[in-house]
>>> print(open('start_3.tsv').read())   # TSV, C-alpha atoms
chain	number	residue	atom	x	y	z
A	1	MET	CA	-1.57	3.10	2.09
A	2	SER	CA	1.57	3.18	4.21
A	3	THR	CA	1.79	3.83	7.94
A	4	LEU	CA	1.20	7.46	8.96
A	5	ARG	CA	4.31	8.88	10.59
A	6	VAL	CA	5.21	12.55	11.01
A	7	THR	CA	8.91	12.47	11.71
A	8	ALA	CA	11.93	14.69	12.24
A	9	GLU	CA	14.25	14.50	9.25
A	10	ARG	CA	17.61	15.95	8.24
A	11	LEU	CA	17.23	17.78	4.94
A	12	THR	CA	19.20	17.95	1.74
A	13	ILE	CA	18.35	21.05	-0.27
A	14	HIS	CA	18.33	21.11	-4.07
A	15	PRO	CA	17.68	23.99	-6.48
A	16	HIS	CA	14.35	24.28	-8.26
A	17	ASP	CA	15.28	24.80	-11.91
A	18	ASN	CA	11.98	26.44	-12.87
A	19	ALA	CA	11.33	28.80	-9.94
A	20	ASP	CA	13.63	31.46	-8.48
A	21	ALA	CA	11.75	31.60	-5.16
A	22	LEU	CA	11.52	27.86	-4.53
A	23	GLU	CA	13.83	25.00	-3.61
A	24	LEU	CA	13.44	21.26	-3.07
A	25	ALA	CA	13.94	19.66	0.34
A	26	GLN	CA	14.83	15.98	0.13
A	27	VAL	CA	13.71	13.45	2.77
A	28	GLY	CA	14.71	9.90	1.95
A	29	LEU	CA	14.00	9.88	-1.80
A	30	TYR	CA	11.01	12.22	-1.48
A	31	ARG	CA	11.34	15.84	-2.50
A	32	ALA	CA	9.04	18.59	-1.24
A	33	VAL	CA	8.93	22.17	-2.48
A	34	VAL	CA	9.96	24.80	0.11
A	35	ALA	CA	10.55	28.55	-0.02
A	36	LYS	CA	14.06	29.44	-1.12
A	37	GLY	CA	16.36	30.16	1.81
A	38	GLU	CA	14.00	28.67	4.39
A	39	TYR	CA	16.27	25.68	4.98
A	40	ASN	CA	19.88	24.68	4.38
A	41	THR	CA	21.32	21.24	3.80
A	42	GLY	CA	21.82	19.62	7.21
A	43	ASP	CA	18.89	21.43	8.87
A	44	TRP	CA	16.25	19.43	10.74
A	45	ALA	CA	12.51	19.78	10.13
A	46	LEU	CA	9.31	17.75	10.30
A	47	TYR	CA	8.10	15.77	7.33
A	48	ILE	CA	4.33	15.28	6.90
A	49	PRO	CA	3.67	12.61	4.25
A	50	GLU	CA	1.03	12.35	1.55
A	51	GLY	CA	-2.29	11.00	2.73
A	52	SER	CA	-2.26	13.10	5.91
A	53	LEU	CA	-5.19	15.18	7.14
A	54	LEU	CA	-4.15	18.42	8.83
A	55	PRO	CA	-6.14	20.29	11.50
A	56	ASP	CA	-7.27	23.84	10.69
A	57	ASP	CA	-4.88	25.54	13.11
A	58	LEU	CA	-1.84	23.82	11.60
A	59	ILE	CA	-3.01	24.61	8.07
A	60	GLU	CA	-3.31	28.27	9.02
A	61	GLU	CA	0.07	28.33	10.74
A	62	LEU	CA	1.78	26.84	7.70
A	63	GLY	CA	0.08	29.29	5.32
A	64	LEU	CA	-1.71	26.53	3.44
A	65	THR	CA	-5.32	27.67	3.80
A	66	GLY	CA	-7.22	26.70	0.67
A	67	ARG	CA	-4.14	25.11	-0.91
A	68	LEU	CA	-4.51	21.46	0.12
A	69	ALA	CA	-6.62	18.72	-1.48
A	70	GLY	CA	-10.04	17.30	-0.63
A	71	SER	CA	-13.45	18.84	-0.03
A	72	GLN	CA	-12.22	20.27	3.28
A	73	LYS	CA	-8.92	21.47	1.76
A	74	ASN	CA	-7.02	19.65	4.47
A	75	ARG	CA	-5.43	16.64	2.74
A	76	VAL	CA	-1.80	16.37	1.71
A	77	ARG	CA	-1.31	14.88	-1.74
A	78	ALA	CA	1.42	14.90	-4.37
A	79	VAL	CA	1.41	17.90	-6.70
A	80	ARG	CA	3.59	19.34	-9.43
A	81	LEU	CA	4.80	22.86	-8.72
A	82	ARG	CA	6.50	24.55	-11.66
A	83	GLY	CA	7.22	21.16	-13.18
A	84	GLU	CA	8.72	19.52	-10.07
A	85	LEU	CA	6.96	16.72	-8.18
A	86	SER	CA	6.38	17.72	-4.56
A	87	GLN	CA	5.46	14.91	-2.16
A	88	GLY	CA	4.52	15.75	1.41
A	89	ILE	CA	5.19	18.85	3.50
A	90	VAL	CA	8.46	19.91	5.11
A	91	CYS	CA	7.81	22.32	7.97
A	92	SER	CA	8.86	23.63	11.39
A	93	PRO	CA	5.66	24.38	13.33
A	94	LYS	CA	5.77	26.23	16.65
A	95	ALA	CA	4.86	23.04	18.50
A	96	VAL	CA	8.42	21.76	17.98
A	97	ASP	CA	10.32	24.99	18.65
A	98	ASP	CA	11.84	23.56	21.85
A	99	VAL	CA	12.27	19.99	20.59
A	100	ASP	CA	15.66	18.49	19.78
A	101	LEU	CA	14.73	17.17	16.35
A	102	ALA	CA	17.97	15.23	15.91
A	103	ALA	CA	17.24	13.35	19.14
A	104	ALA	CA	13.60	12.87	18.11
A	105	HIS	CA	14.79	11.34	14.84
A	106	ALA	CA	17.11	8.96	16.68
A	107	GLU	CA	14.22	7.89	18.94
A	108	GLY	CA	11.91	7.37	15.95
A	109	ARG	CA	9.38	9.75	17.48
A	110	ASN	CA	6.07	10.16	15.65
A	111	PHE	CA	4.68	13.72	15.91
A	112	ALA	CA	1.31	12.96	14.28
A	113	ALA	CA	-0.69	12.95	17.53
A	114	ASP	CA	1.12	16.05	18.84
A	115	LEU	CA	0.10	18.02	15.77
A	116	GLY	CA	-3.37	16.52	15.38
A	117	VAL	CA	-2.43	14.98	12.02
A	118	THR	CA	-4.49	11.92	11.07
A	119	LYS	CA	-4.51	9.42	8.22
A	120	TRP	CA	-6.88	10.01	5.32
A	121	VAL	CA	-9.08	7.06	4.38
A	122	ALA	CA	-11.40	7.37	1.39
A	123	PRO	CA	-15.11	6.70	2.06
A	124	ILE	CA	-16.13	3.23	0.89
A	125	PRO	CA	-18.76	3.09	-1.89
A	126	VAL	CA	-21.97	1.21	-1.13
A	127	HIS	CA	-21.13	-1.75	-3.38
A	128	MET	CA	-17.90	-2.32	-1.42
A	129	ALA	CA	-19.40	-1.96	2.05
A	130	GLY	CA	-21.67	-4.28	4.00
A	131	GLU	CA	-22.65	-5.60	7.41
A	132	MET	CA	-19.50	-6.10	9.50
A	133	LEU	CA	-18.84	-9.11	11.72
A	134	PRO	CA	-16.06	-9.76	14.25
A	135	ALA	CA	-13.39	-12.06	12.77
A	136	PRO	CA	-10.51	-12.70	15.20
A	137	ASP	CA	-9.18	-15.51	12.97
A	138	LEU	CA	-8.93	-13.29	9.90
A	139	ILE	CA	-5.38	-12.67	8.60
A	140	PRO	CA	-5.00	-8.92	7.94
A	141	TRP	CA	-2.99	-7.42	5.14
A	142	ILE	CA	0.20	-5.55	5.97
A	143	GLU	CA	1.12	-1.94	5.29
A	144	ILE	CA	3.60	-1.58	2.42
A	145	GLU	CA	5.99	1.33	2.80
A	146	ASP	CA	7.10	3.57	-0.06
A	147	ILE	CA	10.71	3.07	-1.14
A	148	LYS	CA	11.13	6.85	-1.23
A	149	ARG	CA	10.56	7.01	2.52
A	150	TYR	CA	12.69	3.97	3.34
A	151	PRO	CA	15.31	3.65	0.57
A	152	ALA	CA	17.46	1.19	2.56
A	153	ILE	CA	14.90	-1.66	2.57
A	154	PHE	CA	16.86	-3.51	-0.14
A	155	GLU	CA	20.57	-4.04	-0.68
A	156	PRO	CA	22.01	-3.16	-4.10
A	157	GLY	CA	22.17	-6.28	-6.23
A	158	GLU	CA	20.11	-8.54	-3.97
A	159	PRO	CA	17.62	-10.79	-5.80
A	160	VAL	CA	14.16	-9.21	-5.96
A	161	VAL	CA	10.86	-9.70	-7.76
A	162	ALA	CA	8.69	-6.81	-8.97
A	163	THR	CA	5.00	-7.17	-9.74
A	164	GLU	CA	2.63	-4.58	-11.13
A	165	LYS	CA	0.73	-2.61	-8.49
A	166	VAL	CA	-2.88	-2.88	-9.65
A	167	HIS	CA	-5.21	0.01	-8.80
A	168	GLY	CA	-8.24	-1.75	-7.39
A	169	THR	CA	-9.30	-2.61	-3.86
A	170	ALA	CA	-7.53	-5.22	-1.74
A	171	CYS	CA	-9.69	-8.26	-1.04
A	172	LEU	CA	-8.77	-10.40	1.97
A	173	PHE	CA	-9.84	-14.02	2.26
A	174	THR	CA	-9.05	-16.29	5.24
A	175	LEU	CA	-9.88	-19.98	5.61
A	176	ALA	CA	-9.73	-21.18	9.23
A	177	LEU	CA	-10.06	-24.96	9.64
A	178	ASP	CA	-11.09	-26.61	12.89
A	179	GLU	CA	-8.18	-29.02	12.77
A	180	ARG	CA	-5.52	-30.24	10.38
A	181	GLY	CA	-6.36	-32.98	7.96
A	182	THR	CA	-8.39	-33.19	4.81
A	183	ALA	CA	-9.53	-29.68	3.98
A	184	SER	CA	-12.14	-30.50	1.36
A	185	SER	CA	-15.06	-32.86	1.89
A	186	ASP	CA	-16.43	-35.46	-0.51
A	187	ASP	CA	-19.25	-33.20	-1.67
A	188	GLY	CA	-16.81	-30.41	-2.59
A	189	SER	CA	-17.85	-28.12	0.26
A	190	VAL	CA	-15.24	-26.30	2.31
A	191	PRO	CA	-15.28	-27.08	6.06
A	192	GLY	CA	-14.28	-24.61	8.73
A	193	ASP	CA	-14.90	-20.87	8.71
A	194	TYR	CA	-13.93	-18.38	6.07
A	195	PHE	CA	-13.87	-14.63	6.12
A	196	VAL	CA	-13.93	-11.96	3.44
A	197	SER	CA	-12.87	-8.39	4.10
A	198	SER	CA	-11.22	-5.25	2.75
A	199	LYS	CA	-7.82	-3.95	3.77
A	200	GLY	CA	-9.26	-1.29	6.06
A	201	PHE	CA	-11.84	-3.50	7.77
A	202	GLY	CA	-9.41	-6.43	7.92
A	203	SER	CA	-6.94	-4.33	9.93
A	204	LYS	CA	-9.67	-4.14	12.60
A	205	ARG	CA	-10.33	-7.90	12.42
A	206	LEU	CA	-13.74	-7.30	10.87
A	207	ALA	CA	-15.24	-9.40	8.08
A	208	ILE	CA	-18.02	-8.52	5.64
A	209	ALA	CA	-21.20	-10.57	6.00
A	210	HIS	CA	-22.08	-12.59	2.92
A	211	ALA	CA	-24.10	-10.67	0.33
A	212	ASP	CA	-24.52	-11.39	-3.37
A	213	THR	CA	-24.30	-7.68	-4.13
A	214	ASN	CA	-21.01	-7.12	-2.29
A	215	LEU	CA	-18.01	-6.60	-4.58
A	216	TYR	CA	-15.57	-8.65	-2.50
A	217	TRP	CA	-17.90	-11.63	-2.13
A	218	ARG	CA	-18.67	-11.61	-5.86
A	219	ALA	CA	-14.95	-11.80	-6.62
A	220	ILE	CA	-14.24	-14.54	-4.06
A	221	GLU	CA	-17.09	-16.75	-5.18
A	222	SER	CA	-16.77	-16.25	-8.93
A	223	TYR	CA	-13.09	-17.27	-8.86
A	224	GLY	CA	-13.62	-20.25	-6.52
A	225	VAL	CA	-11.25	-18.92	-3.86
A	226	PRO	CA	-12.65	-20.94	-0.89
A	227	ALA	CA	-11.98	-24.26	-2.65
A	228	VAL	CA	-8.51	-23.10	-3.69
A	229	ALA	CA	-7.73	-22.11	-0.09
A	230	ALA	CA	-8.77	-25.61	1.05
A	231	ARG	CA	-6.35	-27.15	-1.44
A	232	ILE	CA	-3.57	-24.86	-0.24
A	233	ALA	CA	-4.31	-25.88	3.35
A	234	GLU	CA	-3.79	-29.51	2.34
A	235	LEU	CA	-0.64	-28.68	0.41
A	236	PHE	CA	0.99	-26.93	3.38
A	237	ASP	CA	-0.66	-29.04	6.10
A	238	THR	CA	-1.98	-25.96	7.84
A	239	GLU	CA	-5.13	-24.84	9.64
A	240	ARG	CA	-5.25	-21.28	8.34
A	241	VAL	CA	-4.72	-19.80	4.87
A	242	GLY	CA	-4.91	-16.19	3.74
A	243	ILE	CA	-5.33	-15.28	0.06
A	244	PHE	CA	-4.89	-11.64	-0.86
A	245	GLY	CA	-6.04	-10.31	-4.21
A	246	GLU	CA	-6.86	-7.07	-5.95
A	247	VAL	CA	-10.43	-6.61	-7.20
A	248	PHE	CA	-10.57	-4.18	-10.09
A	249	GLY	CA	-12.68	-2.96	-12.97
A	250	LYS	CA	-14.84	-0.06	-14.03
A	251	GLY	CA	-16.71	1.27	-11.03
A	252	VAL	CA	-14.12	0.05	-8.51
A	253	GLN	CA	-11.48	2.75	-9.00
A	254	ASP	CA	-10.73	5.30	-11.71
A	255	LEU	CA	-8.48	2.81	-13.56
A	256	GLY	CA	-10.62	-0.04	-14.91
A	257	TYR	CA	-8.19	-2.23	-16.92
A	258	GLY	CA	-10.96	-3.15	-19.33
A	259	ALA	CA	-12.86	-5.12	-16.67
A	260	SER	CA	-16.21	-4.42	-15.04
A	261	GLY	CA	-16.60	-4.12	-11.30
A	262	GLY	CA	-20.38	-4.17	-11.57
A	263	GLY	CA	-20.83	-7.61	-13.11
A	264	GLU	CA	-20.97	-11.04	-11.53
A	265	ARG	CA	-17.25	-11.60	-12.23
A	266	PRO	CA	-15.16	-8.48	-11.56
A	267	GLY	CA	-11.47	-8.32	-12.33
A	268	TYR	CA	-9.38	-10.21	-9.75
A	269	ALA	CA	-5.66	-10.96	-9.37
A	270	VAL	CA	-3.82	-12.48	-6.40
A	271	PHE	CA	-0.72	-10.75	-5.05
A	272	ASP	CA	0.02	-12.69	-1.82
A	273	ILE	CA	-0.68	-15.85	0.15
A	274	ALA	CA	-0.03	-16.52	3.84
A	275	VAL	CA	-0.16	-19.82	5.74
A	276	GLN	CA	-0.10	-20.47	9.45
A	277	VAL	CA	2.83	-22.47	10.75
A	278	PRO	CA	3.36	-23.18	14.46
A	279	GLY	CA	3.42	-19.83	16.25
A	280	ILE	CA	3.59	-17.55	13.20
A	281	ILE	CA	1.98	-16.50	9.94
A	282	ARG	CA	4.34	-17.26	7.05
A	283	TRP	CA	4.10	-15.39	3.74
A	284	LEU	CA	5.00	-17.42	0.67
A	285	ASP	CA	8.13	-16.19	-1.04
A	286	PRO	CA	7.73	-15.05	-4.68
A	287	GLY	CA	8.81	-18.39	-6.14
A	288	GLU	CA	6.40	-20.38	-3.97
A	289	LEU	CA	3.61	-17.93	-4.70
A	290	ALA	CA	4.03	-18.22	-8.47
A	291	ASP	CA	4.10	-22.02	-8.30
A	292	VAL	CA	1.00	-22.25	-6.11
A	293	LEU	CA	-1.03	-19.83	-8.23
A	294	ALA	CA	-0.10	-21.67	-11.41
A	295	LYS	CA	-1.01	-25.01	-9.85
A	296	MET	CA	-4.30	-23.68	-8.48
A	297	GLU	CA	-5.13	-21.75	-11.66
A	298	LEU	CA	-5.81	-18.49	-9.85
A	299	PRO	CA	-5.05	-15.24	-11.72
A	300	ALA	CA	-1.94	-13.43	-10.49
A	301	VAL	CA	-0.82	-9.81	-10.72
A	302	PRO	CA	1.66	-9.40	-13.60
A	303	ARG	CA	5.31	-10.11	-12.79
A	304	LEU	CA	7.40	-7.43	-14.50
A	305	TYR	CA	10.94	-8.05	-13.24
A	306	GLU	CA	13.06	-10.68	-11.56
A	307	GLY	CA	16.74	-10.05	-10.94
A	308	PRO	CA	19.27	-7.97	-8.97
A	309	TYR	CA	17.97	-4.92	-7.13
A	310	ASP	CA	18.58	-1.70	-9.07
A	311	GLN	CA	16.72	1.21	-7.54
A	312	ALA	CA	16.99	3.54	-10.52
A	313	ALA	CA	15.90	0.88	-13.02
A	314	LEU	CA	12.90	-0.07	-10.87
A	315	MET	CA	11.90	3.58	-10.46
A	316	GLU	CA	11.83	3.83	-14.25
A	317	LEU	CA	9.91	0.57	-14.59
A	318	ALA	CA	7.25	1.88	-12.18
A	319	THR	CA	6.20	4.40	-14.83
A	320	GLY	CA	4.64	3.77	-18.21
A	321	HIS	CA	1.47	1.87	-19.09
A	322	GLU	CA	-0.28	-0.98	-17.32
A	323	THR	CA	-0.02	-4.58	-18.50
A	324	VAL	CA	-3.12	-5.96	-16.75
A	325	SER	CA	-5.65	-5.44	-19.54
A	326	GLY	CA	-3.37	-6.57	-22.36
A	327	THR	CA	-4.15	-3.34	-24.18
A	328	SER	CA	-2.13	-0.80	-22.15
A	329	ALA	CA	-5.37	1.08	-21.62
A	330	HIS	CA	-3.95	3.58	-19.16
A	331	LEU	CA	-1.01	4.50	-16.97
A	332	ARG	CA	0.63	2.13	-14.51
A	333	GLU	CA	0.15	2.72	-10.78
A	334	GLY	CA	3.60	1.39	-9.99
A	335	LEU	CA	5.36	-1.71	-8.67
A	336	VAL	CA	5.47	-3.84	-5.55
A	337	VAL	CA	9.02	-5.09	-5.04
A	338	ARG	CA	9.95	-7.84	-2.60
A	339	SER	CA	13.00	-9.86	-1.72
A	340	ALA	CA	13.14	-13.06	-3.75
A	341	THR	CA	13.90	-14.96	-0.54
A	342	GLY	CA	11.06	-13.41	1.46
A	343	ARG	CA	13.58	-12.22	4.05
A	344	TYR	CA	13.00	-10.06	7.14
A	345	SER	CA	13.89	-6.35	6.98
A	346	SER	CA	15.20	-4.47	10.00
A	347	VAL	CA	14.17	-1.24	8.25
A	348	THR	CA	10.45	-2.11	8.16
A	349	GLY	CA	10.46	-4.46	11.15
A	350	GLY	CA	8.78	-7.05	8.94
A	351	ARG	CA	8.97	-8.28	5.37
A	352	ALA	CA	11.43	-6.83	2.87
A	353	ILE	CA	8.76	-5.37	0.61
A	354	ALA	CA	8.13	-1.86	-0.75
A	355	LYS	CA	6.07	0.02	-3.30
A	356	PHE	CA	7.41	2.14	-6.15
A	357	VAL	CA	4.68	4.56	-7.23
A	358	SER	CA	4.54	6.27	-10.62
A	359	PRO	CA	4.65	10.10	-10.41
A	360	ALA	CA	2.07	10.26	-13.23
A	361	TYR	CA	-0.29	8.14	-11.14
A	362	LEU	CA	0.15	10.39	-8.10
A	363	THR	CA	-0.71	13.56	-10.01
A	364	ARG	CA	-3.46	12.22	-12.28
A	365	LYS	CA	-6.77	14.06	-12.34
A	366	GLY	CA	-9.94	12.54	-10.89
A	367	GLY	CA	-8.18	9.72	-9.08
A	368	THR	CA	-9.92	7.53	-6.49
A	369	GLU	CA	-8.27	5.74	-3.57
A	370	TYR	CA	-10.87	3.45	-1.98
A	371	GLU	CA	-9.56	0.78	0.36
>>> encode(input="start_3.tsv", output="structure tokens")
Amino acid sequence: MSTLRVTAERLTIHPHDNADALELAQVGLYRAVVAKGEYNTGDWALYIPEGSLLPDDLIEELGLTGRLAGSQKNRVRAVRLRGELSQGIVCSPKAVDDVDLAAAHAEGRNFAADLGVTKWVAPIPVHMAGEMLPAPDLIPWIEIEDIKRYPAIFEPGEPVVATEKVHGTACLFTLALDERGTASSDDGSVPGDYFVSSKGFGSKRLAIAHADTNLYWRAIESYGVPAVAARIAELFDTERVGIFGEVFGKGVQDLGYGASGGGERPGYAVFDIAVQVPGIIRWLDPGELADVLAKMELPAVPRLYEGPYDQAALMELATGHETVSGTSAHLREGLVVRSATGRYSSVTGGRAIAKFVSPAYLTRKGGTEYE
């Protein structure tokens, strides 16, 4: 899930072809349904993204009582209204009546705390949870922003790589060696400390205590990830290695890809590797990543495109059916697109990487979003 930001945005208004009383307000590449005549192109308003939880008073003020998602009817999610995909909420609550929204936009002001808007996180099922331990040496996963919110992340024509975004749960593994040198011992054991966590717990530098019943540990051990991490540490002459994979299968999320999350060997595919170099954590660029995974014989998420950046073509590629199972069992969640060079992005303040999410995935029925 991307970073929660409620921001002031300048709108572009488009007609709604299937509803006389509605229009579409565009923010970045997102479009949200609004009442016709409420806004004009060039107006400023707040944009509340998907995955936000709204307080009751704001819901009432915006006239959305009983119309949002979740058991409490307080969660913003993508919906289709008269055939048009609506993502997020465009609004002008009383709390910002006296605020210069153009100036707030220039400052990058986040109104989430002012409005009491918080980020929705799905409850973690028992088989994914466990006893938590402090893990200051754990390498956390990063937040990947949606290209619709930040369409300038990539330059037209720049070399990029797109992999399939697998709908599972992110599994973080970190190997922290005591000192550089030989990472694997003669008896095949892995020295040093290693940590297993989920995306949500990893962001808090918490690891999951070892348990045979835990989903993440079953994936890590059944695919031999600790030994692979030790070999990567030797290859890059480093003291710390992070391996990031998606655990998937029936019982993990609503899309199973023909795998079982309940067995000893759930579905698992690696999407990123990080190594510590003096002073920083370095993420392998797509070429390095592919080479290392092939050499180490670890499963990788499917690579669907490599070539010049074409936003429209990648938006189209994000839709369709998945390629993970080999049978196209169900729809595709989307793509993760990154610069082929692994470059820095001034737009994100970090890596040049973004997600392209399928509209069909966003509006599917009975979807789960466990972290």
>>> closest_residue(input="start_3.tsv", among="A:Gly192, A:Pro15, A:Pro299, A:Gly334", to="Ser358 in chain A", atoms="only C-alpha atoms")
A:Gly334
>>> closest_atom_pairs(input="start_3.tsv", of="range 178-266 of chain A", to="range 146-170 of chain A", cutoff="10 Å", atoms="all atoms listed in the file", output="Markdown table")
| residue | atom | partner | partner_atom | distance |
| --- | --- | --- | --- | --- |
| A:Ser197 | CA | A:Ala170 | CA | 8.5 |
| A:Ser198 | CA | A:Ala170 | CA | 5.8 |
| A:Lys199 | CA | A:Ala170 | CA | 5.7 |
| A:Gly200 | CA | A:Ala170 | CA | 8.9 |
| A:Gly202 | CA | A:Ala170 | CA | 9.9 |
| A:Leu215 | CA | A:Thr169 | CA | 9.6 |
| A:Tyr216 | CA | A:Ala170 | CA | 8.8 |
| A:Phe244 | CA | A:Ala170 | CA | 7.0 |
| A:Gly245 | CA | A:Ala170 | CA | 5.9 |
| A:Glu246 | CA | A:Ala170 | CA | 4.6 |
| A:Val247 | CA | A:Thr169 | CA | 5.3 |
| A:Phe248 | CA | A:Gly168 | CA | 4.3 |
| A:Gly249 | CA | A:Gly168 | CA | 7.2 |
| A:Lys250 | CA | A:Gly168 | CA | 9.5 |
| A:Gly251 | CA | A:Gly168 | CA | 9.7 |
| A:Val252 | CA | A:Gly168 | CA | 6.3 |
| A:Gln253 | CA | A:Gly168 | CA | 5.8 |
| A:Asp254 | CA | A:His167 | CA | 8.2 |
| A:Leu255 | CA | A:His167 | CA | 6.4 |
| A:Gly256 | CA | A:Gly168 | CA | 8.1 |
| A:Tyr257 | CA | A:His167 | CA | 8.9 |
| A:Gly261 | CA | A:Gly168 | CA | 9.5 |
>>> closest_atom_pairs(input="start_3.tsv", of="range 8-30 of chain A", to="range 85-104 of chain A", cutoff="8 Å", atoms="all atoms listed in the file", output="CSV")
residue,atom,partner,partner_atom,distance
A:Ala8,CA,A:Leu101,CA,5.6
A:Glu9,CA,A:Leu101,CA,7.6
A:Arg10,CA,A:Ala102,CA,7.7
A:Ala25,CA,A:Val90,CA,7.3
A:Tyr30,CA,A:Gln87,CA,6.2
>>> residues_near_point(input="start_3.tsv", point="(-8.0, -20.7, 5.6)", cutoff="9 Å", atoms="all atoms listed in the file", output="JSON list (two decimals) with C-alpha atoms, in the coordinates of the input")
[["chain", "number", "residue", "atom", "x", "y", "z"],
["A", 138, "LEU", "CA", -8.93, -13.29, 9.90],
["A", 139, "ILE", "CA", -5.38, -12.67, 8.60],
["A", 173, "PHE", "CA", -9.84, -14.02, 2.26],
["A", 174, "THR", "CA", -9.05, -16.29, 5.24],
["A", 175, "LEU", "CA", -9.88, -19.98, 5.61],
["A", 176, "ALA", "CA", -9.73, -21.18, 9.23],
["A", 177, "LEU", "CA", -10.06, -24.96, 9.64],
["A", 192, "GLY", "CA", -14.28, -24.61, 8.73],
["A", 193, "ASP", "CA", -14.90, -20.87, 8.71],
["A", 194, "TYR", "CA", -13.93, -18.38, 6.07],
["A", 195, "PHE", "CA", -13.87, -14.63, 6.12],
["A", 226, "PRO", "CA", -12.65, -20.94, -0.89],
["A", 229, "ALA", "CA", -7.73, -22.11, -0.09],
["A", 230, "ALA", "CA", -8.77, -25.61, 1.05],
["A", 232, "ILE", "CA", -3.57, -24.86, -0.24],
["A", 233, "ALA", "CA", -4.31, -25.88, 3.35],
["A", 238, "THR", "CA", -1.98, -25.96, 7.84],
["A", 239, "GLU", "CA", -5.13, -24.84, 9.64],
["A", 240, "ARG", "CA", -5.25, -21.28, 8.34],
["A", 241, "VAL", "CA", -4.72, -19.80, 4.87],
["A", 242, "GLY", "CA", -4.91, -16.19, 3.74],
["A", 243, "ILE", "CA", -5.33, -15.28, 0.06],
["A", 275, "VAL", "CA", -0.16, -19.82, 5.74],
["A", 276, "GLN", "CA", -0.10, -20.47, 9.45]]
>>> atom_distance(input="start_3.tsv", atom1="CA of Leu235 in chain A", atom2="CA of Pro136 in chain A")
23.9 Å
>>> closest_residue(input="start_3.tsv", among="A:Val76, A:Leu335, A:Ala294, A:Ala329", to="Lys119 in chain A", atoms="only C-alpha atoms")
A:Val76
>>> closest_residue(input="start_3.tsv", among="A:Arg67, A:Lys365, A:Arg231, A:His16", to="Met296 in chain A", atoms="all atoms listed in the file")
A:Arg231
>>> atom_distance(input="start_3.tsv", atom1="CA of Asp17 in chain A", atom2="CA of Val34 in chain A")
13.1 Å
>>> atom_distance(input="start_3.tsv", atom1="CA of Thr41 in chain A", atom2="CA of Phe356 in chain A")
25.6 Å
>>> closest_residue(input="start_3.tsv", among="A:Ala122, A:Leu317, A:Val336, A:Leu46", to="Val27 in chain A", atoms="all atoms listed in the file")
A:Leu46
>>> closest_residue(input="start_3.tsv", among="A:Gly70, A:Pro55, A:Pro140, A:Gly258", to="Asp114 in chain A", atoms="only C-alpha atoms")
A:Pro55
>>> closest_residue(input="start_3.tsv", among="A:Asn110, A:Ser260, A:Ser52, A:Ser325", to="Lys73 in chain A", atoms="only C-alpha atoms")
A:Ser52
>>> decode(input="start_3.tsv", residues="range 133-141 of chain A", atoms="N, CA, C and O atoms", output="PDB file, in the first residue's frame")
ATOM      1  N   LEU A 133       9.289  -9.835  17.702  1.00  0.00           N
ATOM      2  CA  LEU A 133      10.562  -9.561  18.367  1.00  0.00           C
ATOM      3  C   LEU A 133      11.196  -8.309  17.780  1.00  0.00           C
ATOM      4  O   LEU A 133      11.089  -8.069  16.567  1.00  0.00           O
ATOM      5  N   PRO A 134      11.883  -7.503  18.591  1.00  0.00           N
ATOM      6  CA  PRO A 134      12.574  -6.332  18.029  1.00  0.00           C
ATOM      7  C   PRO A 134      13.682  -6.769  17.077  1.00  0.00           C
ATOM      8  O   PRO A 134      14.404  -7.735  17.353  1.00  0.00           O
ATOM      9  N   ALA A 135      13.817  -6.061  15.946  1.00  0.00           N
ATOM     10  CA  ALA A 135      14.809  -6.443  14.933  1.00  0.00           C
ATOM     11  C   ALA A 135      15.394  -5.188  14.288  1.00  0.00           C
ATOM     12  O   ALA A 135      15.077  -4.852  13.149  1.00  0.00           O
ATOM     13  N   PRO A 136      16.255  -4.470  15.011  1.00  0.00           N
ATOM     14  CA  PRO A 136      16.799  -3.224  14.457  1.00  0.00           C
ATOM     15  C   PRO A 136      17.629  -3.430  13.196  1.00  0.00           C
ATOM     16  O   PRO A 136      17.787  -2.493  12.401  1.00  0.00           O
ATOM     17  N   ASP A 137      18.167  -4.634  12.974  1.00  0.00           N
ATOM     18  CA  ASP A 137      18.978  -4.887  11.789  1.00  0.00           C
ATOM     19  C   ASP A 137      18.156  -5.316  10.581  1.00  0.00           C
ATOM     20  O   ASP A 137      18.699  -5.528   9.495  1.00  0.00           O
ATOM     21  N   LEU A 138      16.866  -5.479  10.747  1.00  0.00           N
ATOM     22  CA  LEU A 138      16.005  -5.897   9.646  1.00  0.00           C
ATOM     23  C   LEU A 138      15.927  -4.792   8.588  1.00  0.00           C
ATOM     24  O   LEU A 138      15.839  -3.606   8.913  1.00  0.00           O
ATOM     25  N   ILE A 139      15.957  -5.175   7.317  1.00  0.00           N
ATOM     26  CA  ILE A 139      15.793  -4.207   6.222  1.00  0.00           C
ATOM     27  C   ILE A 139      14.314  -4.169   5.854  1.00  0.00           C
ATOM     28  O   ILE A 139      13.761  -5.173   5.409  1.00  0.00           O
ATOM     29  N   PRO A 140      13.638  -3.034   6.044  1.00  0.00           N
ATOM     30  CA  PRO A 140      12.206  -2.968   5.730  1.00  0.00           C
ATOM     31  C   PRO A 140      11.965  -2.822   4.233  1.00  0.00           C
ATOM     32  O   PRO A 140      12.863  -2.419   3.482  1.00  0.00           O
ATOM     33  N   TRP A 141      10.783  -3.157   3.824  1.00  0.00           N
ATOM     34  CA  TRP A 141      10.372  -2.926   2.446  1.00  0.00           C
ATOM     35  C   TRP A 141       9.928  -1.474   2.300  1.00  0.00           C
ATOM     36  O   TRP A 141       9.615  -0.796   3.274  1.00  0.00           O
TER      37      TRP A 141
END
